[in-house]
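Participant: First the structure, then my questions, so here it is.
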Amino acid sequence: VDPSGGFQDAVNKASDILLAGGLVVYPTESFYGLAADSTNENAIRRLFLVKQRSPGRPLLILIPSVEALDPFVARVPPIARELMDEFWPGGLTLVFEAGQKVSPLLTAGTDKIGIRLSPHPIATALARTLGAPITGTSANISGKPACKDAGEVLGAFKEWVDLILDGGATPGKVGSTVLDITVDPPNILRDGIVQKKDLEKYISV
């Protein structure tokens, strides 16, 4: 699929697979991601199994638009609006108090959910076409390096996923920055694409 356009037919196929409980690999602004329908608990369980990921580790989700955020969070702190205006779409994952629509499988019992609006056109189109957030975890076996191209994905998963949207090589390097805004002051849980100096205007780092 060409990220610059003409990918909707492939995204439609991928969305149908997700609706049926399948798993789809897709390109993002950093690495390849592994998508399940975040509202389908059976699909989420399958994702944990395929990734060999501990259920004690939460999963973040990608939303199709800022307008789609509210049903999945308990509240939106004022700082969140400022950060979204500045860094979304982009490489900043914000950790919110999870709303009632969020499966406990995604939060790993923390009652918190990491959410991002990706700048990658295929990732966002997939969530938009599905009509629900998709999981935003990296496409790799837990503990192994994240995959930067479809060949690496095939090597990691073989037949364990249902579709790979091959958008060419992704930038790699680092994943998204993860910022917990449920605490005051907000806490950086993971350094990544958005650098600390870029956040200094909004939080103490």
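Ordering of the structure tokens sets the chain letters (A, B, ...), residue numbers begin anew at 1 in every chain, and ligands are numbered from 1 in the order given.
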Could you give me the residues within segment 9-191 of chain A that DSSP places in alpha helix (DSSP H), as a PyMOL selection string?

Facilitator: chain A and resi 9-19+41-51+78-87+104-107+121-130+150-157

Participant: Using only C-alpha atoms, find each residue in segment 7-111 of chain A having at least one atom no more than 12 Å away from segment 139-152 of chain A; report its shortest atom-to-atom pair and that distance in Å (one decimal), rows by chain then rising number, as a tab-separated table.

Facilitator:
```
residue	atom	partner	partner_atom	distance
A:Leu23	CA	A:Ala139	CA	10.4
A:Val24	CA	A:Ala139	CA	9.4
A:Val25	CA	A:Ala139	CA	6.6
A:Tyr26	CA	A:Ala139	CA	8.3
A:Pro27	CA	A:Asp149	CA	8.1
A:Thr28	CA	A:Lys148	CA	9.4
A:Glu29	CA	A:Lys148	CA	10.2
A:Ser30	CA	A:Lys148	CA	7.8
A:Phe31	CA	A:Lys148	CA	5.0
A:Tyr32	CA	A:Ala139	CA	5.4
A:Gly33	CA	A:Ala139	CA	4.6
A:Leu34	CA	A:Ala139	CA	4.7
A:Ala35	CA	A:Ala139	CA	8.5
A:Ala36	CA	A:Ala139	CA	11.3
A:Leu47	CA	A:Ala139	CA	10.0
A:Phe48	CA	A:Ser142	CA	9.3
A:Leu49	CA	A:Ile141	CA	9.7
A:Val50	CA	A:Ile141	CA	7.5
A:Lys51	CA	A:Ile141	CA	4.6
A:Gln52	CA	A:Ser142	CA	5.9
A:Arg53	CA	A:Ser142	CA	5.4
A:Ser54	CA	A:Ser142	CA	8.3
A:Pro55	CA	A:Ser142	CA	11.4
A:Arg57	CA	A:Ser142	CA	10.4
```

Participant: Hey, which of A:Leu179, A:Pro3, A:Leu83, A:Gly131 ends up closest to Pro119 of chain A? Count only C-alpha atoms.

Facilitator: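 Among A:Leu179, A:Pro3, A:Leu83, A:Gly131, it is A:Pro3 that comes nearest to Pro119 of chain A.
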
Participant: Got a sec to tell me which of chain A DSSP assigns to strand (DSSP E or B), as a VMD selection string?

Facilitator: chain A and resid 24 to 27 32 to 35 37 61 to 62 73 92 to 98 112 to 116 134 to 135 137 to 138 163 to 164 177 to 180 187 to 190

Participant: Give me, as a PyMOL selection string, all polymer residues having an atom no more than 9 Å from Ile203 of chain A, counting only C-alpha atoms and skipping those fewer than 6 positions away in the same chain.

Facilitator: chain A and resi 79+185-187

Participant: Kindly indicate which residue among A:Thr124, A:Thr135, A:Gln100, A:Ser4 lies nearest to Ser38 of chain A, using only C-alpha atoms for the distances.

Facilitator: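 Closest to Ser38 of chain A of all the choices is A:Thr135.
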
Participant: Fewer than 5 positions away in the same chain doesn't count, so skip those; otherwise give me all residues within 8 Å of Val194 of chain A, counting only C-alpha atoms, as a list in words.

Facilitator: Gly91, Leu92, Ser176, Thr177 and Leu199 of chain A

Participant: For the residues in the current selection, export all heavy atoms as a JSON list (two decimals), in the first residue's frame.

Facilitator:
```
[["chain", "number", "residue", "atom", "x", "y", "z"],
["A", 91, "GLY", "N", 3.64, 11.92, 17.68],
["A", 91, "GLY", "CA", 4.24, 10.83, 18.43],
["A", 91, "GLY", "C", 4.15, 11.00, 19.93],
["A", 91, "GLY", "O", 5.11, 10.69, 20.65],
["A", 92, "LEU", "N", 3.01, 11.49, 20.43],
["A", 92, "LEU", "CA", 2.81, 11.63, 21.87],
["A", 92, "LEU", "C", 1.60, 10.82, 22.29],
["A", 92, "LEU", "O", 0.48, 11.08, 21.86],
["A", 92, "LEU", "CB", 2.60, 13.10, 22.25],
["A", 92, "LEU", "CG", 2.36, 13.37, 23.75],
["A", 92, "LEU", "CD1", 3.61, 13.01, 24.57],
["A", 92, "LEU", "CD2", 1.96, 14.82, 24.00],
["A", 176, "SER", "N", 6.64, 6.23, 20.34],
["A", 176, "SER", "CA", 6.02, 7.45, 20.84],
["A", 176, "SER", "C", 6.48, 7.74, 22.26],
["A", 176, "SER", "O", 6.86, 6.84, 23.01],
["A", 176, "SER", "CB", 4.49, 7.34, 20.80],
["A", 176, "SER", "OG", 4.04, 6.36, 21.71],
["A", 177, "THR", "N", 6.45, 9.00, 22.61],
["A", 177, "THR", "CA", 6.64, 9.42, 24.00],
["A", 177, "THR", "C", 5.34, 9.14, 24.75],
["A", 177, "THR", "O", 4.26, 9.43, 24.24],
["A", 177, "THR", "CB", 6.99, 10.90, 24.06],
["A", 177, "THR", "OG1", 8.20, 11.13, 23.34],
["A", 177, "THR", "CG2", 7.15, 11.38, 25.50],
["A", 199, "LEU", "N", 8.26, 19.48, 25.55],
["A", 199, "LEU", "CA", 7.18, 19.42, 26.54],
["A", 199, "LEU", "C", 7.34, 20.46, 27.65],
["A", 199, "LEU", "O", 6.41, 20.68, 28.43],
["A", 199, "LEU", "CB", 7.11, 18.03, 27.17],
["A", 199, "LEU", "CG", 6.73, 16.87, 26.23],
["A", 199, "LEU", "CD1", 6.97, 15.54, 26.93],
["A", 199, "LEU", "CD2", 5.28, 17.00, 25.77]]
```
